[in-house]
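Dropping run.tsv in here (TSV, C-alpha atoms):
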```
chain	number	residue	atom	x	y	z
H	300	MET	CA	57.44	108.34	149.70
H	301	ASN	CA	56.85	110.34	146.51
H	302	ASP	CA	53.70	110.20	144.38
H	303	LYS	CA	55.08	107.92	141.69
H	304	LEU	CA	56.30	105.35	144.20
H	305	SER	CA	52.95	105.56	145.97
H	306	ALA	CA	51.22	104.99	142.66
H	307	THR	CA	53.36	101.92	142.09
H	308	GLN	CA	52.27	100.47	145.41
H	309	ALA	CA	48.66	101.36	144.61
H	310	ASN	CA	48.91	99.47	141.33
H	311	LEU	CA	50.25	96.45	143.14
H	312	ALA	CA	47.47	96.74	145.68
H	313	GLY	CA	44.87	96.85	142.90
H	314	ASP	CA	45.10	95.34	139.43
H	315	ASP	CA	48.34	93.46	140.01
H	316	LEU	CA	47.19	91.65	143.15
H	317	ALA	CA	45.34	89.09	141.03
H	318	ALA	CA	48.47	88.56	138.93
H	319	LEU	CA	50.51	88.25	142.12
H	320	GLU	CA	48.20	85.54	143.37
H	321	ARG	CA	48.36	83.72	140.02
H	322	LEU	CA	52.15	83.76	140.14
H	323	LYS	CA	52.15	82.40	143.68
H	324	GLU	CA	49.81	79.58	142.61
H	325	ALA	CA	51.81	78.91	139.43
H	326	HIS	CA	55.01	78.78	141.47
H	327	ALA	CA	53.54	76.12	143.73
H	328	SER	CA	52.20	74.18	140.72
H	329	VAL	CA	55.57	74.23	138.93
H	330	LEU	CA	57.34	72.98	142.06
H	331	SER	CA	54.75	70.23	142.38
H	332	GLU	CA	55.23	69.11	138.77
H	333	LEU	CA	59.03	69.19	139.05
H	334	SER	CA	58.90	67.06	142.20
H	335	LYS	CA	57.41	64.27	140.09
H	336	VAL	CA	60.71	63.97	138.25
H	337	ILE	CA	63.35	65.68	140.41
H	338	VAL	CA	64.02	64.43	143.94
H	339	GLY	CA	65.17	67.13	146.36
H	340	GLN	CA	67.19	70.09	145.03
H	341	HIS	CA	64.46	72.48	146.25
H	342	GLU	CA	66.87	75.38	146.74
H	343	VAL	CA	68.30	74.94	143.24
H	344	ILE	CA	64.85	74.90	141.65
H	345	GLU	CA	63.82	77.96	143.65
H	346	GLN	CA	66.85	79.92	142.44
H	347	ILE	CA	66.21	78.94	138.81
H	348	MET	CA	62.61	80.17	139.14
H	349	ILE	CA	63.78	83.47	140.62
H	350	ALA	CA	66.24	83.97	137.75
H	351	ILE	CA	63.57	83.26	135.12
H	352	PHE	CA	61.03	85.73	136.51
H	353	ALA	CA	63.77	88.34	136.95
H	354	ARG	CA	64.72	87.92	133.24
H	355	GLY	CA	68.09	86.47	134.18
H	356	HIS	CA	70.24	83.54	133.12
H	357	CYS	CA	71.43	80.78	135.40
H	358	LEU	CA	74.64	78.75	135.59
H	359	LEU	CA	74.43	75.39	137.35
H	360	GLU	CA	77.65	73.81	138.57
H	361	GLY	CA	78.01	70.29	139.89
H	362	VAL	CA	79.63	66.95	139.26
H	363	PRO	CA	78.09	64.65	136.62
H	364	GLY	CA	74.98	62.68	137.52
H	365	LEU	CA	73.15	65.21	139.70
H	366	ALA	CA	70.20	65.65	137.26
H	367	LYS	CA	71.19	69.17	136.15
H	368	THR	CA	70.16	68.50	132.55
H	369	LEU	CA	66.98	66.68	133.56
H	370	MET	CA	66.05	69.56	135.86
H	371	VAL	CA	66.25	72.14	133.06
H	372	SER	CA	64.48	70.04	130.44
H	373	THR	CA	61.64	69.22	132.85
H	374	LEU	CA	61.27	72.88	133.77
H	375	ALA	CA	60.94	73.75	130.08
H	376	ARG	CA	58.10	71.24	129.78
H	377	THR	CA	56.21	72.75	132.72
H	378	LEU	CA	56.56	76.27	131.29
H	379	ASN	CA	55.28	75.33	127.81
H	380	LEU	CA	58.17	77.05	126.03
H	381	ASP	CA	60.28	76.20	123.01
H	382	PHE	CA	63.35	74.39	124.24
H	383	ASN	CA	66.68	73.52	122.64
H	384	ARG	CA	69.58	71.67	124.15
H	385	ILE	CA	73.08	72.45	122.88
H	386	GLN	CA	75.71	69.93	123.88
H	387	PHE	CA	78.95	71.87	124.24
H	388	THR	CA	81.96	69.87	123.02
H	389	PRO	CA	85.57	70.82	122.18
H	390	ASP	CA	84.82	70.85	118.44
H	391	LEU	CA	81.63	72.95	118.66
H	392	MET	CA	81.79	76.09	116.50
H	393	PRO	CA	80.01	79.45	117.08
H	394	SER	CA	77.96	78.91	113.92
H	395	ASP	CA	76.66	75.67	115.43
H	396	ILE	CA	75.00	77.84	118.09
H	397	VAL	CA	73.81	81.04	116.40
H	398	GLY	CA	73.42	79.79	112.83
H	399	THR	CA	75.15	80.54	109.55
H	400	GLU	CA	74.64	82.04	106.11
H	401	VAL	CA	74.51	79.67	103.16
H	402	ILE	CA	74.35	80.34	99.41
H	403	GLN	CA	71.10	79.29	97.83
H	404	GLU	CA	70.20	79.38	94.14
H	405	ASP	CA	66.86	80.61	92.88
H	406	LYS	CA	65.92	77.99	90.30
H	407	THR	CA	63.56	80.40	88.54
H	408	SER	CA	65.99	83.25	87.95
H	409	GLY	CA	69.25	81.38	88.31
H	410	THR	CA	70.55	83.97	90.78
H	411	ARG	CA	72.32	83.11	94.01
H	412	GLU	CA	71.88	84.80	97.34
H	413	PHE	CA	72.81	84.33	100.98
H	414	LYS	CA	70.18	82.93	103.30
H	415	PHE	CA	70.48	82.85	107.06
H	416	LEU	CA	69.78	79.47	108.64
H	417	LYS	CA	68.91	79.93	112.29
H	418	GLY	CA	70.84	77.96	114.88
H	419	PRO	CA	69.44	76.27	117.97
H	420	ILE	CA	69.78	79.46	120.01
H	421	PHE	CA	66.54	80.69	118.46
H	422	SER	CA	64.35	79.25	121.19
H	423	ASN	CA	62.80	80.38	124.49
H	424	ILE	CA	64.91	78.21	126.78
H	425	ILE	CA	68.44	77.21	125.86
H	426	LEU	CA	70.16	74.46	127.78
H	427	ALA	CA	73.88	75.03	127.29
H	428	ASP	CA	74.91	71.60	128.49
H	429	GLU	CA	78.44	71.33	129.91
H	430	ILE	CA	79.25	74.83	128.69
H	431	ASN	CA	82.84	74.62	129.96
H	432	ARG	CA	83.63	71.65	127.72
H	433	THR	CA	84.08	74.00	124.76
H	434	PRO	CA	86.85	76.60	124.20
H	435	PRO	CA	86.26	80.30	125.07
H	436	LYS	CA	85.82	81.25	121.38
H	437	THR	CA	82.64	79.18	121.20
H	438	GLN	CA	81.50	80.16	124.69
H	439	ALA	CA	81.65	83.80	123.55
H	440	ALA	CA	79.01	83.09	120.90
H	441	LEU	CA	76.46	83.40	123.70
H	442	LEU	CA	77.54	86.87	124.88
H	443	GLU	CA	75.43	89.00	122.53
H	444	ALA	CA	72.45	86.67	122.78
H	445	MET	CA	72.43	86.74	126.58
H	446	GLN	CA	72.88	90.49	126.89
H	447	GLU	CA	71.05	91.93	123.89
H	448	LYS	CA	68.54	89.12	123.14
H	449	GLN	CA	69.76	89.12	119.53
H	450	VAL	CA	72.50	87.74	117.29
H	451	THR	CA	74.26	89.58	114.49
H	452	ILE	CA	75.10	87.62	111.34
H	453	GLY	CA	76.44	89.25	108.19
H	454	GLY	CA	75.75	92.70	109.62
H	455	GLN	CA	72.07	91.87	110.16
H	456	ARG	CA	70.51	91.80	113.61
H	457	ASN	CA	68.25	88.86	114.29
H	458	GLU	CA	65.94	89.15	117.29
H	459	LEU	CA	65.60	86.13	119.55
H	460	PRO	CA	62.18	84.92	120.70
H	461	SER	CA	60.78	86.30	123.93
H	462	PRO	CA	61.00	85.23	126.70
H	463	PHE	CA	64.59	84.03	126.37
H	464	PHE	CA	66.70	82.27	128.99
H	465	VAL	CA	70.04	80.51	128.99
H	466	LEU	CA	70.30	77.81	131.63
H	467	ALA	CA	73.83	76.44	131.44
H	468	THR	CA	75.40	73.50	133.23
H	469	GLN	CA	79.08	73.04	133.89
H	470	ASN	CA	81.30	70.56	135.65
H	471	PRO	CA	83.78	71.76	138.28
H	472	ILE	CA	86.81	73.23	136.52
H	473	GLU	CA	89.11	70.78	138.27
H	474	GLN	CA	87.66	68.00	136.16
H	475	GLU	CA	89.57	66.82	133.09
H	476	GLY	CA	88.66	68.28	129.70
H	477	THR	CA	87.14	71.56	130.91
H	478	TYR	CA	87.88	75.21	130.10
H	479	THR	CA	87.48	77.95	132.67
H	480	LEU	CA	84.49	80.12	131.79
H	481	PRO	CA	85.77	83.69	131.13
H	482	GLU	CA	84.79	86.31	133.72
H	483	ALA	CA	82.91	88.34	131.09
H	484	GLN	CA	80.85	85.26	130.25
H	485	GLN	CA	80.18	84.43	133.89
H	486	ASP	CA	79.04	87.99	134.57
H	487	ARG	CA	76.19	87.54	132.06
H	488	PHE	CA	74.68	84.92	134.36
H	489	MET	CA	72.45	86.32	137.06
H	490	PHE	CA	72.99	83.30	139.32
H	491	LYS	CA	75.69	80.72	139.74
H	492	VAL	CA	74.06	77.81	141.55
H	493	PHE	CA	75.93	74.92	143.14
H	494	VAL	CA	74.13	71.60	142.69
H	495	LYS	CA	75.09	69.35	145.58
H	496	TYR	CA	74.77	65.65	146.30
H	497	PRO	CA	71.36	64.49	147.61
H	498	ASN	CA	71.02	63.42	151.22
H	499	TYR	CA	70.57	59.75	152.19
H	500	ASP	CA	66.77	59.66	152.03
H	501	GLU	CA	66.67	61.56	148.74
H	502	GLU	CA	69.24	59.24	147.17
H	503	TYR	CA	67.27	56.22	148.38
H	504	LEU	CA	64.16	57.60	146.64
H	505	ILE	CA	66.17	58.29	143.48
H	506	ALA	CA	67.47	54.71	143.47
H	507	ALA	CA	64.02	53.26	144.10
H	508	THR	CA	62.12	55.29	141.49
H	509	THR	CA	64.62	55.43	138.62
H	510	THR	CA	65.30	51.71	138.47
H	511	THR	CA	61.68	50.78	137.74
H	512	ASP	CA	59.41	51.16	134.72
H	513	LEU	CA	57.82	54.34	136.06
H	514	ASP	CA	56.61	56.95	133.58
H	515	THR	CA	55.72	60.40	134.91
H	516	ASP	CA	53.61	62.93	133.04
H	517	VAL	CA	54.50	66.58	133.64
H	518	LYS	CA	51.74	69.15	133.09
H	519	GLN	CA	52.26	72.51	131.41
H	520	ILE	CA	51.66	75.34	133.87
H	521	LEU	CA	52.64	78.66	132.26
H	522	SER	CA	52.89	79.91	128.68
H	523	GLY	CA	55.38	82.38	127.26
H	524	GLU	CA	52.79	85.19	127.43
H	525	ASP	CA	52.11	84.39	131.09
H	526	ILE	CA	55.82	84.58	131.89
H	527	LEU	CA	56.22	87.94	130.11
H	528	ARG	CA	53.32	89.43	132.10
H	529	LEU	CA	54.69	88.08	135.36
H	530	GLN	CA	58.16	89.43	134.55
H	531	GLN	CA	56.60	92.88	134.19
H	532	LEU	CA	54.94	92.42	137.56
H	533	VAL	CA	58.30	91.70	139.18
H	534	ARG	CA	59.70	94.96	137.80
H	535	LYS	CA	56.87	96.90	139.47
H	536	VAL	CA	57.70	95.68	142.97
H	537	PRO	CA	58.87	98.66	145.07
H	538	VAL	CA	62.15	98.58	146.98
H	539	ALA	CA	62.76	100.83	149.98
H	540	PRO	CA	65.87	103.08	149.83
H	541	HIS	CA	67.52	101.28	152.76
H	542	VAL	CA	67.28	97.95	150.86
H	543	ILE	CA	68.99	99.49	147.82
H	544	HIS	CA	71.69	100.98	150.07
H	545	PHE	CA	72.21	97.59	151.74
H	546	ALA	CA	72.68	95.83	148.38
H	547	LEU	CA	75.00	98.60	147.22
H	548	ARG	CA	77.14	98.50	150.37
H	549	LEU	CA	77.41	94.73	150.07
H	550	VAL	CA	78.68	94.91	146.50
H	551	ARG	CA	81.03	97.85	147.10
H	552	ALA	CA	82.53	95.99	150.08
H	553	THR	CA	83.89	93.42	147.60
H	554	ARG	CA	85.97	96.03	145.72
H	555	ILE	CA	89.48	96.33	147.10
H	556	LEU	CA	89.93	99.95	145.93
H	557	GLU	CA	86.81	101.23	147.70
H	558	ASP	CA	86.91	102.77	151.18
H	559	GLU	CA	84.02	100.52	152.20
H	560	CYS	CA	86.09	97.37	151.58
H	561	PRO	CA	87.06	95.62	154.87
H	562	GLU	CA	90.64	94.55	155.42
H	563	PHE	CA	89.84	90.83	155.39
H	564	VAL	CA	88.34	91.23	151.91
H	565	LYS	CA	91.39	93.11	150.59
H	566	GLU	CA	93.61	90.26	151.78
H	567	ALA	CA	91.54	87.56	150.06
H	568	ILE	CA	90.32	88.74	146.66
H	569	SER	CA	91.73	89.98	143.36
H	570	TRP	CA	88.65	91.95	142.35
H	571	GLY	CA	85.00	92.18	143.27
H	572	ALA	CA	81.55	92.56	141.78
H	573	GLY	CA	80.54	95.26	139.31
H	574	PRO	CA	77.25	97.17	138.91
H	575	ARG	CA	75.51	94.08	137.54
H	576	GLY	CA	75.89	92.61	141.01
H	577	VAL	CA	73.69	95.34	142.53
H	578	GLN	CA	71.16	95.13	139.71
H	579	ASN	CA	70.82	91.37	140.05
H	580	LEU	CA	70.58	91.52	143.83
H	581	LEU	CA	67.63	93.89	143.60
H	582	LEU	CA	65.90	92.12	140.71
H	583	GLY	CA	66.36	88.76	142.40
H	584	ALA	CA	65.03	90.16	145.68
H	585	LYS	CA	61.94	91.45	143.86
H	586	ALA	CA	61.34	88.11	142.13
H	587	ARG	CA	61.79	86.19	145.38
H	588	ALA	CA	59.31	88.47	147.14
H	589	VAL	CA	56.70	88.02	144.42
H	590	LEU	CA	57.15	84.23	144.29
H	591	ASN	CA	56.45	84.22	148.02
H	592	GLY	CA	53.32	86.36	147.63
H	593	ARG	CA	54.75	89.65	148.94
H	594	THR	CA	54.40	93.07	147.31
H	595	PHE	CA	57.75	94.45	148.47
H	596	ALA	CA	61.38	93.31	148.60
H	597	SER	CA	63.33	93.33	151.86
H	598	THR	CA	66.93	92.97	153.02
H	599	ASP	CA	66.08	89.34	153.88
H	600	ASP	CA	65.42	88.75	150.16
H	601	VAL	CA	68.78	90.30	149.31
H	602	ARG	CA	70.53	88.10	151.88
H	603	ALA	CA	68.80	84.97	150.56
H	604	ILE	CA	70.19	85.39	147.03
H	605	ALA	CA	73.53	87.05	147.82
H	606	LEU	CA	75.60	83.88	147.39
H	607	PRO	CA	74.34	82.81	143.92
H	608	VAL	CA	74.47	86.42	142.68
H	609	LEU	CA	77.96	87.29	143.92
H	610	ARG	CA	79.99	84.05	144.16
H	611	HIS	CA	81.05	84.18	140.49
H	612	ARG	CA	81.68	87.92	140.62
H	613	VAL	CA	84.11	87.83	143.55
H	614	VAL	CA	87.46	86.39	142.47
H	615	THR	CA	89.72	85.11	145.23
H	616	ASN	CA	93.51	85.49	145.14
H	617	PHE	CA	96.28	83.01	145.87
H	618	ASN	CA	96.30	83.83	149.59
H	619	ALA	CA	92.65	82.85	149.93
H	620	GLU	CA	92.96	79.74	147.79
H	621	SER	CA	96.00	78.51	149.71
H	622	SER	CA	94.07	78.98	152.96
H	623	GLY	CA	90.97	77.24	151.66
H	624	ILE	CA	88.88	80.42	151.67
H	625	SER	CA	86.21	80.57	148.98
H	626	SER	CA	84.20	83.49	147.63
H	627	ASP	CA	81.19	82.06	149.51
H	628	ASP	CA	83.13	82.37	152.78
H	629	ILE	CA	83.90	86.03	152.07
H	630	ILE	CA	80.33	86.89	151.08
H	631	GLN	CA	78.92	85.07	154.11
H	632	ARG	CA	81.19	87.01	156.47
H	633	LEU	CA	80.20	90.29	154.83
H	634	LEU	CA	76.53	89.42	155.33
H	635	GLU	CA	77.22	88.75	159.01
H	636	GLU	CA	79.14	91.97	159.61
H	637	LEU	CA	77.36	94.44	157.31
H	638	PRO	CA	74.75	96.59	159.09
H	639	GLU	CA	71.32	96.61	157.46
H	640	ARG	CA	70.75	100.34	157.92
H	641	HIS	CA	72.69	103.56	158.09
H	642	ASP	CA	71.31	106.94	159.16
H	643	GLY	CA	71.96	108.27	155.66
H	644	ASP	CA	69.99	105.58	153.83
H	645	GLN	CA	67.74	107.94	151.90
H	646	MET	CA	66.76	108.17	148.27
H	647	VAL	CA	69.44	109.93	146.18
H	648	PRO	CA	68.11	113.37	145.11
H	649	GLU	CA	68.58	112.63	141.40
H	650	VAL	CA	66.43	109.52	141.76
H	651	GLN	CA	63.84	111.46	143.76
H	652	LYS	CA	63.68	113.99	140.95
H	653	ALA	CA	63.37	111.27	138.30
H	654	PHE	CA	60.37	109.79	140.12
H	655	GLY	CA	58.74	113.19	140.20
```
When written as structure tokens, how does the structure in this file appear?
Amino acid sequence: MNDKLSATQANLAGDDLAALERLKEAHASVLSELSKVIVGQHEVIEQIMIAIFARGHCLLEGVPGLAKTLMVSTLARTLNLDFNRIQFTPDLMPSDIVGTEVIQEDKTSGTREFKFLKGPIFSNIILADEINRTPPKTQAALLEAMQEKQVTIGGQRNELPSPFFVLATQNPIEQEGTYTLPEAQQDRFMFKVFVKYPNYDEEYLIAATTTTDLDTDVKQILSGEDILRLQQLVRKVPVAPHVIHFALRLVRATRILEDECPEFVKEAISWGAGPRGVQNLLLGAKARAVLNGRTFASTDDVRAIALPVLRHRVVTNFNAESSGISSDDIIQRLLEELPERHDGDQMVPEVQKAFG
């Protein structure tokens, strides 16, 4: 390993170990606070936490009544961040999200000028509730904000507060009154998480606790400054070359024009994941490792987040849909058949040179 990578590990072994321990403790505390309000859904909460500390956005899909909105709003309370909920409806306009310019008169001078009134997107956590209830034109209002952390109004760039996350909920597209989220919009989300029905015992607890006069107080665990520092820690986590190669082979195996693409994938998909898929696999693996108190990311971390990272980036064709094959089925089979290591899994020379 070169000197700069060794220095990164040394930093993690020294000054950042205390921060790593704080994040591990904060992670446990947040889960404990959320459990006061949310019953079950541990995997969903874990994936949201990974996305936040990896600086990503998260799309939650599930039928109505599964506490998606409550989950996000409660998480915002535990993280002590500014929070705005935007209810997406068919008549929602882009200006209702990002804001608009209005003419205001200066009573002293009598002159008129445009003034920008900020929309609800100017907050740390945005809950885009039922995002697929609004047409694509309004959905697209989030594109610049999610990618660039800014909005442009009247030729002026307006920076969004930091940290900034979009946690969107959507109902299955088969439901009445929904619009399919465009692929470009979906690709801005790091994770697409399926929120499933609770099991019998969990639903019993939900029924017992939510039909009484029970008031739960959720404590604030982390501030915005804490989250920014911990996000920087995640970026410092080293990744071995063979882990990067594994993530890259997995993504390239979903592209039907690549030599690495298996025949069963070519028969089932229209197109596969782009470079953002690899980036999010590695960032998510780093965040998962740190949340579990480890100073390095492994192929097991990549495997654990492969489905939420890739399921909305792998688009199945008619053959797969008619046979009942989903993108999850394809990704799962790739994970089973893809070898973790190749003899040539070394650092690319250009990267070696960049690290000195």
Worksheet entry | d(CA of His611 (chain H), CA of Asn457 (chain H)) in Å | 29.5 Å
Worksheet item: Taking into account all atoms listed in the file, which residue in the set H:Gln446, H:Thr368, H:Ser626, H:Thr508 is nearest to Gln484 (chain H)?
Response: H:Gln446
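Using all atoms listed in the file, the nearest neighbour of Gly592 (chain H) within the list H:Leu442, H:Leu532, H:Ser621, H:Thr479 is H:Leu532.
Across the model, the gap from CA of Arg534 (chain H) to CA of Glu324 (chain H) is 18.9 Å.
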Discussion item. For a test of reading the model, state the distance in Å between CA of Ile425 (chain H) and CA of Asn383 (chain H), rounded to one decimal.
Written reply: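 Spanning CA of Ile425 (chain H) to CA of Asn383 (chain H) is a straight-line distance of 5.2 Å.
Within 8 Å of the point (80.3, 99.2, 149.6), and counting only C-alpha atoms, the protein, DNA and RNA residues are H:Leu547, H:Arg548, H:Leu549, H:Val550, H:Arg551, H:Ala552, H:Thr553, H:Arg554, H:Glu557, H:Asp558, H:Glu559, H:Cys560.
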Selection above as a file: C-alpha atoms, as an mmCIF file, keeping the file's coordinate frame:
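This went into again.cif:
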```
data_model
loop_
_atom_site.group_PDB
_atom_site.id
_atom_site.type_symbol
_atom_site.label_atom_id
_atom_site.label_comp_id
_atom_site.auth_asym_id
_atom_site.auth_seq_id
_atom_site.Cartn_x
_atom_site.Cartn_y
_atom_site.Cartn_z
ATOM 1 C CA LEU H 547 75.000 98.600 147.220
ATOM 2 C CA ARG H 548 77.140 98.500 150.370
ATOM 3 C CA LEU H 549 77.410 94.730 150.070
ATOM 4 C CA VAL H 550 78.680 94.910 146.500
ATOM 5 C CA ARG H 551 81.030 97.850 147.100
ATOM 6 C CA ALA H 552 82.530 95.990 150.080
ATOM 7 C CA THR H 553 83.890 93.420 147.600
ATOM 8 C CA ARG H 554 85.970 96.030 145.720
ATOM 9 C CA GLU H 557 86.810 101.230 147.700
ATOM 10 C CA ASP H 558 86.910 102.770 151.180
ATOM 11 C CA GLU H 559 84.020 100.520 152.200
ATOM 12 C CA CYS H 560 86.090 97.370 151.580
#
```
Can you tell me which residues surround region 516-528 of chain H at a distance of at most 10 Å, considering only C-alpha atoms, apart from same-chain residues fewer than 3 positions away, and format the answer as a PDB file with C-alpha atoms, in the frame of the given file?
```
ATOM      1  CA  ALA H 318      48.470  88.560 138.930  1.00  0.00           C
ATOM      2  CA  ARG H 321      48.360  83.720 140.020  1.00  0.00           C
ATOM      3  CA  LEU H 322      52.150  83.760 140.140  1.00  0.00           C
ATOM      4  CA  GLU H 324      49.810  79.580 142.610  1.00  0.00           C
ATOM      5  CA  ALA H 325      51.810  78.910 139.430  1.00  0.00           C
ATOM      6  CA  HIS H 326      55.010  78.780 141.470  1.00  0.00           C
ATOM      7  CA  SER H 328      52.200  74.180 140.720  1.00  0.00           C
ATOM      8  CA  VAL H 329      55.570  74.230 138.930  1.00  0.00           C
ATOM      9  CA  SER H 331      54.750  70.230 142.380  1.00  0.00           C
ATOM     10  CA  GLU H 332      55.230  69.110 138.770  1.00  0.00           C
ATOM     11  CA  LEU H 333      59.030  69.190 139.050  1.00  0.00           C
ATOM     12  CA  SER H 334      58.900  67.060 142.200  1.00  0.00           C
ATOM     13  CA  LYS H 335      57.410  64.270 140.090  1.00  0.00           C
ATOM     14  CA  VAL H 336      60.710  63.970 138.250  1.00  0.00           C
ATOM     15  CA  ILE H 351      63.570  83.260 135.120  1.00  0.00           C
ATOM     16  CA  PHE H 352      61.030  85.730 136.510  1.00  0.00           C
ATOM     17  CA  ARG H 354      64.720  87.920 133.240  1.00  0.00           C
ATOM     18  CA  THR H 373      61.640  69.220 132.850  1.00  0.00           C
ATOM     19  CA  LEU H 374      61.270  72.880 133.770  1.00  0.00           C
ATOM     20  CA  ALA H 375      60.940  73.750 130.080  1.00  0.00           C
ATOM     21  CA  ARG H 376      58.100  71.240 129.780  1.00  0.00           C
ATOM     22  CA  THR H 377      56.210  72.750 132.720  1.00  0.00           C
ATOM     23  CA  LEU H 378      56.560  76.270 131.290  1.00  0.00           C
ATOM     24  CA  ASN H 379      55.280  75.330 127.810  1.00  0.00           C
ATOM     25  CA  LEU H 380      58.170  77.050 126.030  1.00  0.00           C
ATOM     26  CA  ASP H 381      60.280  76.200 123.010  1.00  0.00           C
ATOM     27  CA  ASN H 423      62.800  80.380 124.490  1.00  0.00           C
ATOM     28  CA  PRO H 460      62.180  84.920 120.700  1.00  0.00           C
ATOM     29  CA  SER H 461      60.780  86.300 123.930  1.00  0.00           C
ATOM     30  CA  PRO H 462      61.000  85.230 126.700  1.00  0.00           C
ATOM     31  CA  PHE H 463      64.590  84.030 126.370  1.00  0.00           C
ATOM     32  CA  GLN H 531      56.600  92.880 134.190  1.00  0.00           C
ATOM     33  CA  LEU H 532      54.940  92.420 137.560  1.00  0.00           C
ATOM     34  CA  VAL H 533      58.300  91.700 139.180  1.00  0.00           C
TER      35      VAL H 533
END
```
Discussion item. Would you pick out the contacts of region 630-642 of chain H at 9 Å or less, using only C-alpha atoms, so that residues sharing its chain but fewer than 3 positions from it are not included, and give the list as a PyMOL selection string?
Written reply: chain H and resi 541-542+544-545+548-549+552-553+561+564+598+602+605-606+609-610+613+625-627+645
Write out as a PDB file with C-alpha atoms, in the coordinates of the input the residues lying within 8 Å of Ala444 (chain H), counting all atoms listed in the file and excluding same-chain residues fewer than 5 positions away.
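Result file is around.pdb:
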```pdb
ATOM      1  CA  GLN H 449      69.760  89.120 119.530  1.00  0.00           C
ATOM      2  CA  VAL H 450      72.500  87.740 117.290  1.00  0.00           C
ATOM      3  CA  LEU H 459      65.600  86.130 119.550  1.00  0.00           C
TER       4      LEU H 459
END
```
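If you measure from each of H:Gln485, H:Ser597, H:Gln438, H:Thr511 to Ala572 (chain H) using all atoms listed in the file, the closest one turns out to be H:Gln485.
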Worksheet item: Counting all atoms listed in the file, which of H:Ser394, H:Gln578, H:Thr615, H:Asn498 gets nearest to Thr437 (chain H)?
Response: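 Ranked by minimum distance to Thr437 (chain H), first place goes to H:Ser394.
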Discussion item. Quick one: residues within 7 Å of Ile396 (chain H), all atoms listed in the file, excluding same-chain residues fewer than 5 positions away - as a ChimeraX atom specification?
Written reply: /H:418-420
Item to complete: Can you work out which one of H:Ala350, H:Ile555, H:Leu391, H:Ile505 has the shortest atom-to-atom distance to Ala366 (chain H), counting only C-alpha atoms?
Response: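 Comparing H:Ala350, H:Ile555, H:Leu391, H:Ile505 against Ala366 (chain H), the winner is H:Ile505.
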Discussion item. Restricting the calculation to all atoms listed in the file: of H:Lys414, H:Arg587, H:His356, H:His341, which residue gets closest to Val401 (chain H)?
Written reply: H:Lys414
Item to complete: Would you kindly return, as a PyMOL selection string, each protein, DNA or RNA residue with an atom no farther than 9 Å from any atom of Glu400 (chain H), considering only C-alpha atoms and excluding same-chain residues fewer than 5 positions away?
Response: chain H and resi 413-417+452-453
